[in-house]
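S.K.: One file: input21.cif (mmCIF, N, CA and C atoms).
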data_coords
#
loop_
_atom_site.label_atom_id
_atom_site.label_comp_id
_atom_site.auth_asym_id
_atom_site.auth_seq_id
_atom_site.Cartn_x
_atom_site.Cartn_y
_atom_site.Cartn_z
N MET A 1 -24.66 -11.23 -52.31
CA MET A 1 -24.71 -10.69 -50.98
C MET A 1 -24.81 -11.79 -49.94
N MET A 2 -25.77 -12.71 -50.08
CA MET A 2 -26.01 -13.70 -49.03
C MET A 2 -26.36 -15.03 -49.67
N ARG A 3 -25.82 -16.11 -49.10
CA ARG A 3 -26.16 -17.46 -49.54
C ARG A 3 -26.72 -18.21 -48.35
N LYS A 4 -27.75 -19.00 -48.57
CA LYS A 4 -28.35 -19.80 -47.48
C LYS A 4 -27.61 -21.13 -47.43
N GLU A 5 -26.42 -21.12 -46.84
CA GLU A 5 -25.56 -22.30 -46.75
C GLU A 5 -24.89 -22.31 -45.39
N ASN A 6 -24.19 -23.40 -45.13
CA ASN A 6 -23.47 -23.53 -43.87
C ASN A 6 -21.95 -23.59 -44.08
N THR A 7 -21.46 -23.20 -45.23
CA THR A 7 -20.03 -23.27 -45.49
C THR A 7 -19.48 -21.89 -45.78
N MET A 8 -18.17 -21.75 -45.67
CA MET A 8 -17.49 -20.49 -45.92
C MET A 8 -16.62 -20.62 -47.15
N ASN A 9 -16.55 -19.59 -47.99
CA ASN A 9 -15.69 -19.61 -49.16
C ASN A 9 -14.49 -18.71 -49.02
N SER A 10 -14.56 -17.68 -48.20
CA SER A 10 -13.43 -16.78 -48.00
C SER A 10 -13.51 -16.18 -46.61
N ASN A 11 -12.43 -15.53 -46.22
CA ASN A 11 -12.43 -14.94 -44.88
C ASN A 11 -13.19 -13.61 -44.83
N LYS A 12 -13.74 -13.13 -45.95
CA LYS A 12 -14.54 -11.91 -45.97
C LYS A 12 -16.03 -12.22 -45.83
N GLU A 13 -16.37 -13.47 -45.66
CA GLU A 13 -17.75 -13.89 -45.46
C GLU A 13 -17.86 -14.53 -44.08
N ILE A 14 -18.99 -14.30 -43.45
CA ILE A 14 -19.21 -14.91 -42.14
C ILE A 14 -20.56 -15.59 -42.12
N ARG A 15 -20.65 -16.64 -41.32
CA ARG A 15 -21.93 -17.34 -41.15
C ARG A 15 -22.71 -16.65 -40.05
N VAL A 16 -23.93 -16.30 -40.37
CA VAL A 16 -24.81 -15.58 -39.45
C VAL A 16 -26.09 -16.38 -39.27
N MET A 17 -26.85 -16.05 -38.24
CA MET A 17 -28.18 -16.62 -38.06
C MET A 17 -29.18 -15.47 -38.21
N ILE A 18 -30.12 -15.65 -39.14
CA ILE A 18 -31.07 -14.60 -39.48
C ILE A 18 -32.44 -14.91 -38.87
N PHE A 19 -33.04 -13.87 -38.29
CA PHE A 19 -34.36 -13.96 -37.68
C PHE A 19 -35.28 -12.98 -38.41
N GLU A 20 -36.21 -13.50 -39.19
CA GLU A 20 -37.18 -12.67 -39.88
C GLU A 20 -38.51 -12.76 -39.13
N PRO A 21 -39.29 -11.68 -39.12
CA PRO A 21 -40.58 -11.71 -38.41
C PRO A 21 -41.46 -12.86 -38.90
N GLY A 22 -41.98 -13.64 -37.96
CA GLY A 22 -42.91 -14.71 -38.28
C GLY A 22 -42.29 -15.96 -38.89
N LYS A 23 -40.96 -16.05 -38.95
CA LYS A 23 -40.30 -17.21 -39.56
C LYS A 23 -39.32 -17.83 -38.57
N GLU A 24 -39.00 -19.09 -38.83
CA GLU A 24 -37.98 -19.77 -38.04
C GLU A 24 -36.61 -19.20 -38.40
N PRO A 25 -35.68 -19.12 -37.44
CA PRO A 25 -34.34 -18.62 -37.77
C PRO A 25 -33.60 -19.61 -38.68
N TYR A 26 -32.69 -19.07 -39.48
CA TYR A 26 -31.88 -19.91 -40.37
C TYR A 26 -30.49 -19.31 -40.49
N THR A 27 -29.54 -20.13 -40.90
CA THR A 27 -28.18 -19.64 -41.08
C THR A 27 -27.94 -19.31 -42.55
N ALA A 28 -27.04 -18.37 -42.77
CA ALA A 28 -26.68 -17.95 -44.12
C ALA A 28 -25.26 -17.41 -44.07
N VAL A 29 -24.65 -17.30 -45.23
CA VAL A 29 -23.32 -16.71 -45.34
C VAL A 29 -23.49 -15.29 -45.86
N LEU A 30 -22.90 -14.33 -45.13
CA LEU A 30 -23.05 -12.91 -45.44
C LEU A 30 -21.68 -12.30 -45.68
N GLU A 31 -21.56 -11.51 -46.72
CA GLU A 31 -20.32 -10.75 -46.90
C GLU A 31 -20.22 -9.76 -45.75
N ASP A 32 -19.09 -9.76 -45.05
CA ASP A 32 -18.94 -8.96 -43.84
C ASP A 32 -18.56 -7.52 -44.18
N SER A 33 -19.58 -6.72 -44.48
CA SER A 33 -19.36 -5.30 -44.74
C SER A 33 -20.54 -4.52 -44.19
N LEU A 34 -20.33 -3.25 -43.93
CA LEU A 34 -21.39 -2.39 -43.41
C LEU A 34 -22.57 -2.36 -44.38
N GLU A 35 -22.29 -2.25 -45.66
CA GLU A 35 -23.35 -2.17 -46.67
C GLU A 35 -24.22 -3.42 -46.66
N HIS A 36 -23.61 -4.60 -46.55
CA HIS A 36 -24.39 -5.84 -46.56
C HIS A 36 -25.18 -6.01 -45.26
N ARG A 37 -24.60 -5.57 -44.15
CA ARG A 37 -25.34 -5.62 -42.88
C ARG A 37 -26.56 -4.71 -42.94
N GLN A 38 -26.38 -3.50 -43.46
CA GLN A 38 -27.49 -2.56 -43.56
C GLN A 38 -28.57 -3.07 -44.53
N ALA A 39 -28.14 -3.68 -45.62
CA ALA A 39 -29.11 -4.21 -46.59
C ALA A 39 -29.95 -5.31 -45.96
N LEU A 40 -29.34 -6.14 -45.13
CA LEU A 40 -30.05 -7.24 -44.50
C LEU A 40 -31.12 -6.77 -43.53
N VAL A 41 -30.83 -5.70 -42.76
CA VAL A 41 -31.80 -5.21 -41.77
C VAL A 41 -32.67 -4.08 -42.31
N GLY A 42 -32.35 -3.58 -43.48
CA GLY A 42 -33.18 -2.55 -44.10
C GLY A 42 -32.93 -1.14 -43.62
N GLY A 43 -31.70 -0.83 -43.22
CA GLY A 43 -31.39 0.54 -42.79
C GLY A 43 -30.17 0.58 -41.90
N GLU A 44 -30.05 1.69 -41.16
CA GLU A 44 -28.93 1.87 -40.24
C GLU A 44 -28.94 0.77 -39.20
N ILE A 45 -27.76 0.29 -38.83
CA ILE A 45 -27.69 -0.85 -37.91
C ILE A 45 -27.42 -0.41 -36.48
N GLU A 46 -27.90 -1.25 -35.57
CA GLU A 46 -27.58 -1.15 -34.15
C GLU A 46 -27.07 -2.52 -33.74
N CYS A 47 -25.93 -2.57 -33.07
CA CYS A 47 -25.35 -3.84 -32.64
C CYS A 47 -25.43 -3.93 -31.12
N ILE A 48 -25.88 -5.09 -30.63
CA ILE A 48 -26.07 -5.32 -29.20
C ILE A 48 -25.28 -6.55 -28.80
N SER A 49 -24.40 -6.40 -27.82
CA SER A 49 -23.62 -7.54 -27.35
C SER A 49 -24.50 -8.50 -26.57
N LEU A 50 -24.36 -9.78 -26.88
CA LEU A 50 -25.07 -10.85 -26.18
C LEU A 50 -24.03 -11.74 -25.49
N PRO A 51 -24.47 -12.64 -24.64
CA PRO A 51 -23.53 -13.58 -24.02
C PRO A 51 -22.87 -14.48 -25.07
N HIS A 52 -21.82 -15.15 -24.67
CA HIS A 52 -21.14 -16.17 -25.46
C HIS A 52 -20.53 -15.61 -26.75
N GLU A 53 -19.93 -14.41 -26.63
CA GLU A 53 -19.23 -13.79 -27.76
C GLU A 53 -20.10 -13.74 -29.01
N THR A 54 -21.31 -13.25 -28.81
CA THR A 54 -22.28 -13.14 -29.91
C THR A 54 -22.81 -11.72 -29.95
N VAL A 55 -23.09 -11.23 -31.16
CA VAL A 55 -23.60 -9.88 -31.36
C VAL A 55 -24.91 -9.96 -32.15
N LEU A 56 -25.90 -9.19 -31.72
CA LEU A 56 -27.17 -9.05 -32.43
C LEU A 56 -27.09 -7.76 -33.23
N CYS A 57 -27.45 -7.82 -34.49
CA CYS A 57 -27.44 -6.66 -35.37
C CYS A 57 -28.85 -6.46 -35.91
N CYS A 58 -29.43 -5.27 -35.64
CA CYS A 58 -30.82 -5.00 -36.07
C CYS A 58 -30.90 -3.59 -36.65
N ASN A 59 -32.09 -3.25 -37.14
CA ASN A 59 -32.33 -1.92 -37.66
C ASN A 59 -32.47 -0.96 -36.48
N ALA A 60 -31.65 0.07 -36.44
CA ALA A 60 -31.62 1.00 -35.31
C ALA A 60 -32.95 1.73 -35.12
N ALA A 61 -33.71 1.92 -36.19
CA ALA A 61 -34.96 2.67 -36.12
C ALA A 61 -36.15 1.79 -36.47
N GLY A 62 -36.02 0.48 -36.29
CA GLY A 62 -37.08 -0.45 -36.70
C GLY A 62 -38.44 -0.14 -36.12
N LYS A 63 -38.50 0.20 -34.83
CA LYS A 63 -39.79 0.52 -34.19
C LYS A 63 -40.42 1.75 -34.82
N TRP A 64 -39.62 2.80 -34.95
CA TRP A 64 -40.14 4.08 -35.42
C TRP A 64 -40.47 4.05 -36.91
N MET A 65 -39.85 3.11 -37.64
CA MET A 65 -40.15 2.96 -39.06
C MET A 65 -41.41 2.11 -39.28
N GLY A 66 -41.90 1.50 -38.20
CA GLY A 66 -43.09 0.66 -38.31
C GLY A 66 -42.80 -0.71 -38.89
N LEU A 67 -41.54 -1.19 -38.73
CA LEU A 67 -41.21 -2.53 -39.21
C LEU A 67 -41.99 -3.56 -38.40
N PRO A 68 -42.25 -4.73 -38.97
CA PRO A 68 -43.03 -5.75 -38.25
C PRO A 68 -42.35 -6.20 -36.96
N VAL A 69 -43.17 -6.50 -35.96
CA VAL A 69 -42.68 -7.03 -34.69
C VAL A 69 -42.02 -8.38 -34.96
N ASN A 70 -40.87 -8.61 -34.34
CA ASN A 70 -40.14 -9.85 -34.58
C ASN A 70 -40.01 -10.69 -33.32
N ARG A 71 -39.06 -10.39 -32.45
CA ARG A 71 -38.81 -11.18 -31.25
C ARG A 71 -38.61 -10.28 -30.05
N GLN A 72 -38.66 -10.90 -28.86
CA GLN A 72 -38.45 -10.21 -27.60
C GLN A 72 -37.00 -10.41 -27.18
N LEU A 73 -36.35 -9.33 -26.74
CA LEU A 73 -35.02 -9.38 -26.14
C LEU A 73 -35.10 -8.64 -24.81
N ARG A 74 -35.04 -9.39 -23.73
CA ARG A 74 -35.19 -8.83 -22.39
C ARG A 74 -36.52 -8.09 -22.30
N ASN A 75 -36.49 -6.79 -21.98
CA ASN A 75 -37.73 -6.01 -21.86
C ASN A 75 -38.05 -5.20 -23.11
N ASP A 76 -37.42 -5.52 -24.21
CA ASP A 76 -37.62 -4.76 -25.44
C ASP A 76 -38.07 -5.69 -26.57
N THR A 77 -38.76 -5.12 -27.52
CA THR A 77 -39.21 -5.86 -28.69
C THR A 77 -38.41 -5.42 -29.89
N ILE A 78 -37.87 -6.37 -30.62
CA ILE A 78 -37.11 -6.07 -31.84
C ILE A 78 -38.08 -6.05 -33.01
N HIS A 79 -37.98 -5.03 -33.82
CA HIS A 79 -38.83 -4.89 -35.00
C HIS A 79 -37.98 -5.10 -36.24
N GLY A 80 -38.51 -5.83 -37.21
CA GLY A 80 -37.80 -6.07 -38.46
C GLY A 80 -36.82 -7.22 -38.34
N THR A 81 -36.18 -7.52 -39.46
CA THR A 81 -35.20 -8.60 -39.52
C THR A 81 -33.95 -8.24 -38.72
N PHE A 82 -33.41 -9.23 -38.00
CA PHE A 82 -32.13 -9.04 -37.33
C PHE A 82 -31.30 -10.30 -37.53
N PHE A 83 -30.00 -10.19 -37.24
CA PHE A 83 -29.13 -11.36 -37.36
C PHE A 83 -28.09 -11.37 -36.26
N LEU A 84 -27.53 -12.53 -36.04
CA LEU A 84 -26.47 -12.73 -35.05
C LEU A 84 -25.19 -13.11 -35.76
N TYR A 85 -24.07 -12.68 -35.20
CA TYR A 85 -22.76 -13.11 -35.67
C TYR A 85 -21.83 -13.24 -34.48
N GLY A 86 -20.73 -13.94 -34.68
CA GLY A 86 -19.76 -14.14 -33.61
C GLY A 86 -18.88 -12.91 -33.44
N ASP A 87 -18.27 -12.83 -32.26
CA ASP A 87 -17.42 -11.69 -31.92
C ASP A 87 -16.13 -12.20 -31.31
N THR A 88 -15.07 -11.44 -31.46
CA THR A 88 -13.80 -11.77 -30.84
C THR A 88 -13.50 -10.73 -29.76
N PRO A 89 -12.56 -10.99 -28.86
CA PRO A 89 -12.20 -9.98 -27.86
C PRO A 89 -11.74 -8.66 -28.49
N GLU A 90 -11.24 -8.72 -29.72
CA GLU A 90 -10.79 -7.52 -30.43
C GLU A 90 -11.94 -6.80 -31.13
N GLY A 91 -13.16 -7.36 -31.06
CA GLY A 91 -14.31 -6.75 -31.71
C GLY A 91 -14.43 -7.07 -33.19
N GLN A 92 -13.80 -8.13 -33.61
CA GLN A 92 -13.85 -8.54 -35.02
C GLN A 92 -15.04 -9.48 -35.24
N GLY A 93 -15.86 -9.19 -36.25
CA GLY A 93 -16.98 -10.07 -36.57
C GLY A 93 -16.48 -11.37 -37.18
N VAL A 94 -16.99 -12.49 -36.67
CA VAL A 94 -16.59 -13.82 -37.16
C VAL A 94 -17.83 -14.69 -37.31
N SER A 95 -17.66 -15.81 -37.97
CA SER A 95 -18.77 -16.76 -38.15
C SER A 95 -19.24 -17.32 -36.82
N LEU A 96 -20.53 -17.58 -36.74
CA LEU A 96 -21.07 -18.26 -35.58
C LEU A 96 -20.58 -19.70 -35.55
N THR A 97 -20.36 -20.22 -34.36
CA THR A 97 -20.01 -21.62 -34.20
C THR A 97 -21.30 -22.44 -34.13
N GLU A 98 -21.19 -23.73 -34.27
CA GLU A 98 -22.36 -24.61 -34.12
C GLU A 98 -22.96 -24.47 -32.73
N GLU A 99 -22.11 -24.29 -31.72
CA GLU A 99 -22.59 -24.12 -30.34
C GLU A 99 -23.40 -22.83 -30.20
N GLN A 100 -22.93 -21.74 -30.77
CA GLN A 100 -23.67 -20.48 -30.71
C GLN A 100 -25.02 -20.61 -31.43
N ILE A 101 -25.02 -21.24 -32.57
CA ILE A 101 -26.27 -21.42 -33.33
C ILE A 101 -27.27 -22.21 -32.51
N ALA A 102 -26.82 -23.31 -31.91
CA ALA A 102 -27.71 -24.14 -31.10
C ALA A 102 -28.22 -23.36 -29.89
N ARG A 103 -27.36 -22.59 -29.26
CA ARG A 103 -27.71 -21.84 -28.05
C ARG A 103 -28.75 -20.76 -28.34
N PHE A 104 -28.63 -20.06 -29.46
CA PHE A 104 -29.48 -18.90 -29.72
C PHE A 104 -30.70 -19.21 -30.59
N ARG A 105 -30.82 -20.42 -31.09
CA ARG A 105 -31.97 -20.76 -31.94
C ARG A 105 -33.29 -20.49 -31.23
N ASP A 106 -33.37 -20.81 -29.93
CA ASP A 106 -34.60 -20.62 -29.16
C ASP A 106 -34.43 -19.60 -28.03
N TYR A 107 -33.42 -18.76 -28.12
CA TYR A 107 -33.11 -17.79 -27.07
C TYR A 107 -34.15 -16.68 -26.98
N PHE A 108 -34.63 -16.24 -28.12
CA PHE A 108 -35.56 -15.11 -28.18
C PHE A 108 -36.98 -15.61 -28.10
N THR A 109 -37.78 -14.95 -27.29
CA THR A 109 -39.18 -15.34 -27.15
C THR A 109 -40.04 -14.57 -28.15
N LYS A 110 -41.28 -15.01 -28.27
CA LYS A 110 -42.22 -14.27 -29.10
C LYS A 110 -42.48 -12.93 -28.42
N PRO A 111 -42.81 -11.91 -29.20
CA PRO A 111 -43.02 -10.59 -28.61
C PRO A 111 -44.17 -10.57 -27.62
N ARG A 112 -43.98 -9.76 -26.56
CA ARG A 112 -45.04 -9.54 -25.58
C ARG A 112 -45.68 -8.19 -25.88
N PRO A 113 -46.98 -8.06 -25.63
CA PRO A 113 -47.61 -6.75 -25.84
C PRO A 113 -46.96 -5.71 -24.94
N SER A 114 -46.71 -4.53 -25.47
CA SER A 114 -46.07 -3.49 -24.67
C SER A 114 -47.08 -2.50 -24.10
N VAL A 115 -48.33 -2.61 -24.50
CA VAL A 115 -49.37 -1.69 -24.03
C VAL A 115 -50.56 -2.51 -23.57
N VAL A 116 -51.12 -2.13 -22.45
CA VAL A 116 -52.33 -2.76 -21.96
C VAL A 116 -53.49 -1.84 -22.29
N ALA A 117 -54.47 -2.37 -22.99
CA ALA A 117 -55.65 -1.58 -23.34
C ALA A 117 -56.82 -2.02 -22.46
N PHE A 118 -57.59 -1.05 -22.01
CA PHE A 118 -58.74 -1.35 -21.18
C PHE A 118 -59.82 -0.35 -21.54
N GLU A 119 -60.94 -0.85 -21.99
CA GLU A 119 -62.05 0.01 -22.37
C GLU A 119 -62.99 0.18 -21.19
N VAL A 120 -63.24 1.41 -20.80
CA VAL A 120 -64.14 1.71 -19.70
C VAL A 120 -65.50 2.05 -20.28
N ARG A 121 -66.49 1.25 -19.91
CA ARG A 121 -67.86 1.47 -20.40
C ARG A 121 -68.82 1.88 -19.28
N SER A 122 -68.40 1.63 -18.04
CA SER A 122 -69.29 1.95 -16.92
C SER A 122 -68.45 2.18 -15.68
N ALA A 123 -69.12 2.63 -14.62
CA ALA A 123 -68.44 2.83 -13.35
C ALA A 123 -67.88 1.51 -12.82
N LYS A 124 -68.58 0.42 -13.07
CA LYS A 124 -68.10 -0.89 -12.64
C LYS A 124 -66.80 -1.24 -13.35
N ASP A 125 -66.71 -0.92 -14.66
CA ASP A 125 -65.46 -1.14 -15.40
C ASP A 125 -64.32 -0.33 -14.80
N THR A 126 -64.62 0.91 -14.41
CA THR A 126 -63.60 1.76 -13.80
C THR A 126 -63.12 1.15 -12.50
N GLU A 127 -64.04 0.65 -11.67
CA GLU A 127 -63.66 0.00 -10.42
C GLU A 127 -62.78 -1.22 -10.68
N GLU A 128 -63.15 -2.02 -11.69
CA GLU A 128 -62.37 -3.22 -12.03
C GLU A 128 -60.98 -2.82 -12.51
N PHE A 129 -60.91 -1.79 -13.34
CA PHE A 129 -59.62 -1.30 -13.82
C PHE A 129 -58.73 -0.87 -12.67
N LEU A 130 -59.28 -0.07 -11.77
CA LEU A 130 -58.50 0.40 -10.63
C LEU A 130 -58.07 -0.75 -9.73
N ARG A 131 -58.94 -1.75 -9.54
CA ARG A 131 -58.59 -2.91 -8.74
C ARG A 131 -57.43 -3.67 -9.39
N LEU A 132 -57.49 -3.83 -10.70
CA LEU A 132 -56.43 -4.56 -11.40
C LEU A 132 -55.10 -3.79 -11.37
N MET A 133 -55.18 -2.49 -11.54
CA MET A 133 -53.96 -1.67 -11.60
C MET A 133 -53.33 -1.44 -10.23
N PHE A 134 -54.15 -1.28 -9.21
CA PHE A 134 -53.63 -0.86 -7.92
C PHE A 134 -53.89 -1.86 -6.80
N GLY A 135 -54.26 -3.06 -7.16
CA GLY A 135 -54.37 -4.13 -6.17
C GLY A 135 -55.52 -4.03 -5.20
N GLY A 136 -56.59 -3.34 -5.54
CA GLY A 136 -57.77 -3.33 -4.71
C GLY A 136 -57.71 -2.39 -3.53
N ARG A 137 -56.75 -1.47 -3.49
CA ARG A 137 -56.69 -0.51 -2.39
C ARG A 137 -57.91 0.40 -2.44
N LYS A 138 -58.45 0.71 -1.28
CA LYS A 138 -59.61 1.61 -1.21
C LYS A 138 -59.17 2.90 -0.52
N GLY A 139 -59.90 3.92 -0.78
CA GLY A 139 -59.65 5.18 -0.08
C GLY A 139 -58.89 6.21 -0.88
N GLY A 140 -58.25 5.87 -1.93
CA GLY A 140 -57.63 6.82 -2.83
C GLY A 140 -56.30 7.39 -2.35
N GLY A 141 -55.93 7.20 -1.10
CA GLY A 141 -54.66 7.74 -0.63
C GLY A 141 -53.51 6.77 -0.89
N SER A 142 -52.30 7.28 -0.84
CA SER A 142 -51.14 6.39 -1.02
C SER A 142 -50.69 5.89 0.34
N LYS A 143 -50.06 4.74 0.34
CA LYS A 143 -49.60 4.15 1.60
C LYS A 143 -48.13 4.42 1.78
#
Can you give me the file's structure in the form of structure tokens?

M.R.:
Amino acid sequence: MMRKENTMNSNKEIRVMIFEPGKEPYTAVLEDSLEHRQALVGGEIECISLPHETVLCCNAAGKWMGLPVNRQLRNDTIHGTFFLYGDTPEGQGVSLTEEQIARFRDYFTKPRPSVVAFEVRSAKDTEEFLRLMFGGRKGGGSK
């Protein structure tokens, strides 16, 4: 299914960059088929177009399946393993170039918390919470 190498043996294999939760990204050769893509991400795939003729492929239900948090993409957090591959104007999956690999190695940031938790233990905590959330406005009315 997959070899951790930087060379190609046939036109049915493509070089991809794999991002696993908690690990550094690495390149591998993947047989370019739906079954192999699904096996790599652990389920149904979702493909997201990125700049520079690159596509991100992840598990479509990773969050709801409780897969481990992986990386941040814009305002969303990707859960589970995902990979990148090259794209053509015709929508054909192709191997990543060295330039694409270099560009996307550090493109994704570590995940940001999506929920803010605040424990209220006293009236003073409530006042602090409201000040933090609403910028210290007094009077309770909207402006």

S.K.: Any idea what's packed within 8 Å of Ile48 in chain A, counting only N, CA and C atoms, ignoring anything in its chain fewer than 4 positions away? Could you give it as a compact mmCIF listing (two decimals) with N, CA and C atoms, in the coordinates of the input?

M.R.:
# COMPACT_ATOMS: atom_id res chain seq x y z
N THR A 54 -21.31 -13.25 -28.81
CA THR A 54 -22.28 -13.14 -29.91
C THR A 54 -22.81 -11.72 -29.95
N VAL A 55 -23.09 -11.23 -31.16
CA VAL A 55 -23.60 -9.88 -31.36
C VAL A 55 -24.91 -9.96 -32.15
N LEU A 56 -25.90 -9.19 -31.72
CA LEU A 56 -27.17 -9.05 -32.43
C LEU A 56 -27.09 -7.76 -33.23
N CYS A 57 -27.45 -7.82 -34.49
CA CYS A 57 -27.44 -6.66 -35.37
C CYS A 57 -28.85 -6.46 -35.91
N CYS A 58 -29.43 -5.27 -35.64
CA CYS A 58 -30.82 -5.00 -36.07
C CYS A 58 -30.90 -3.59 -36.65

S.K.: Check what the PyMOL selection byres ((chain A and resi 94) around 8) selects in the file above and give those residues as a list in words.

M.R.: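 Listing what the PyMOL selection byres ((chain A and resi 94) around 8) selects in the shown file: Glu13, Ile14, Arg15, Val16, Leu84, Tyr85, Gly86, Asp87, Thr88, Gly91, Gln92, Gly93, Ser95, Leu96 and Thr97 of chain A.
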
S.K.: With N, CA and C atoms retained, export the selected residues as a CSV table (one decimal), keeping the file's coordinate frame.

M.R.:
chain,number,residue,atom,x,y,z
A,13,GLU,N,-16.4,-13.5,-45.7
A,13,GLU,CA,-17.8,-13.9,-45.5
A,13,GLU,C,-17.9,-14.5,-44.1
A,14,ILE,N,-19.0,-14.3,-43.4
A,14,ILE,CA,-19.2,-14.9,-42.1
A,14,ILE,C,-20.6,-15.6,-42.1
A,15,ARG,N,-20.6,-16.6,-41.3
A,15,ARG,CA,-21.9,-17.3,-41.2
A,15,ARG,C,-22.7,-16.6,-40.0
A,16,VAL,N,-23.9,-16.3,-40.4
A,16,VAL,CA,-24.8,-15.6,-39.4
A,16,VAL,C,-26.1,-16.4,-39.3
A,84,LEU,N,-27.5,-12.5,-36.0
A,84,LEU,CA,-26.5,-12.7,-35.0
A,84,LEU,C,-25.2,-13.1,-35.8
A,85,TYR,N,-24.1,-12.7,-35.2
A,85,TYR,CA,-22.8,-13.1,-35.7
A,85,TYR,C,-21.8,-13.2,-34.5
A,86,GLY,N,-20.7,-13.9,-34.7
A,86,GLY,CA,-19.8,-14.1,-33.6
A,86,GLY,C,-18.9,-12.9,-33.4
A,87,ASP,N,-18.3,-12.8,-32.3
A,87,ASP,CA,-17.4,-11.7,-31.9
A,87,ASP,C,-16.1,-12.2,-31.3
A,88,THR,N,-15.1,-11.4,-31.5
A,88,THR,CA,-13.8,-11.8,-30.8
A,88,THR,C,-13.5,-10.7,-29.8
A,91,GLY,N,-13.2,-7.4,-31.1
A,91,GLY,CA,-14.3,-6.8,-31.7
A,91,GLY,C,-14.4,-7.1,-33.2
A,92,GLN,N,-13.8,-8.1,-33.6
A,92,GLN,CA,-13.8,-8.5,-35.0
A,92,GLN,C,-15.0,-9.5,-35.2
A,93,GLY,N,-15.9,-9.2,-36.2
A,93,GLY,CA,-17.0,-10.1,-36.6
A,93,GLY,C,-16.5,-11.4,-37.2
A,95,SER,N,-17.7,-15.8,-38.0
A,95,SER,CA,-18.8,-16.8,-38.2
A,95,SER,C,-19.2,-17.3,-36.8
A,96,LEU,N,-20.5,-17.6,-36.7
A,96,LEU,CA,-21.1,-18.3,-35.6
A,96,LEU,C,-20.6,-19.7,-35.6
A,97,THR,N,-20.4,-20.2,-34.4
A,97,THR,CA,-20.0,-21.6,-34.2
A,97,THR,C,-21.3,-22.4,-34.1

S.K.: Between CA of Trp64 in chain A and atom N of Pro25 in chain A, what is the spacing in Å?

M.R.: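 Between atom N of Pro25 in chain A and CA of Trp64 in chain A the gap works out to 23.7 Å.
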
S.K.: For a test of reading the model, state the distance in Å between CA of Gly43 in chain A and CA of Glu98 in chain A, rounded to one decimal.

M.R.: 28.1 Å

S.K.: List the residues selected by the PyMOL selection byres ((chain A and resi 71) around 6) in the file shown, writing them as a CSV table (one decimal) with N, CA and C atoms, keeping the file's coordinate frame.

M.R.:
chain,number,residue,atom,x,y,z
A,69,VAL,N,-43.2,-6.5,-36.0
A,69,VAL,CA,-42.7,-7.0,-34.7
A,69,VAL,C,-42.0,-8.4,-35.0
A,70,ASN,N,-40.9,-8.6,-34.3
A,70,ASN,CA,-40.1,-9.8,-34.6
A,70,ASN,C,-40.0,-10.7,-33.3
A,72,GLN,N,-38.7,-10.9,-28.9
A,72,GLN,CA,-38.4,-10.2,-27.6
A,72,GLN,C,-37.0,-10.4,-27.2
A,73,LEU,N,-36.4,-9.3,-26.7
A,73,LEU,CA,-35.0,-9.4,-26.1
A,73,LEU,C,-35.1,-8.6,-24.8
A,76,ASP,N,-37.4,-5.5,-24.2
A,76,ASP,CA,-37.6,-4.8,-25.4
A,76,ASP,C,-38.1,-5.7,-26.6
A,77,THR,N,-38.8,-5.1,-27.5
A,77,THR,CA,-39.2,-5.9,-28.7
A,77,THR,C,-38.4,-5.4,-29.9
A,78,ILE,N,-37.9,-6.4,-30.6
A,78,ILE,CA,-37.1,-6.1,-31.8
A,78,ILE,C,-38.1,-6.0,-33.0
A,79,HIS,N,-38.0,-5.0,-33.8
A,79,HIS,CA,-38.8,-4.9,-35.0
A,79,HIS,C,-38.0,-5.1,-36.2
A,108,PHE,N,-34.6,-16.2,-28.1
A,108,PHE,CA,-35.6,-15.1,-28.2
A,108,PHE,C,-37.0,-15.6,-28.1
A,109,THR,N,-37.8,-15.0,-27.3
A,109,THR,CA,-39.2,-15.3,-27.2
A,109,THR,C,-40.0,-14.6,-28.2
A,110,LYS,N,-41.3,-15.0,-28.3
A,110,LYS,CA,-42.2,-14.3,-29.1
A,110,LYS,C,-42.5,-12.9,-28.4
A,111,PRO,N,-42.8,-11.9,-29.2
A,111,PRO,CA,-43.0,-10.6,-28.6
A,111,PRO,C,-44.2,-10.6,-27.6

S.K.: Can you pull out every residue from range 3-143 of chain A that DSSP, working from the backbone, puts in strand (DSSP E), and format the result as a PyMOL selection string?

M.R.: chain A and resi 3+13-19+26-31+45-50+54-59+69-73+76-79+82-87+93-94

S.K.: Would you compute the distance between CA of Thr81 in chain A and atom N of Pro21 in chain A? Give it in Å to one decimal.

M.R.: 5.1 Å

S.K.: Is it possible to get the axis-aligned box enclosing range 92-105 of chain A (all listed atoms, 4 Å extra per side) as AutoDock Vina command-line options, with centre and edge lengths in Å rounded to one decimal?

M.R.:
--center_x -23.5 --center_y -16.4 --center_z -33.1 --size_x 27.5 --size_y 24.5 --size_z 18.1

S.K.: Would you list the residues near (-32.1, -15.2, -37.7) (no more than 7 Å away, in the coordinates of the file, using only C-alpha atoms) as a PyMOL selection string?

M.R.: chain A and resi 17-20+25-27+82-84

S.K.: I need the residue nearest Ser33 in chain A from this list: A:Lys12, A:Arg103, A:Arg131, A:His52. Use all atoms listed in the file for the distance.

M.R.: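 Closest to Ser33 in chain A of all the choices is A:Lys12.
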
S.K.: Report as a PyMOL selection string the residues that result from applying the PyMOL selection byres ((chain A and resi 59) around 5) to the structure here.

M.R.: chain A and resi 44-46+57-58+60-62
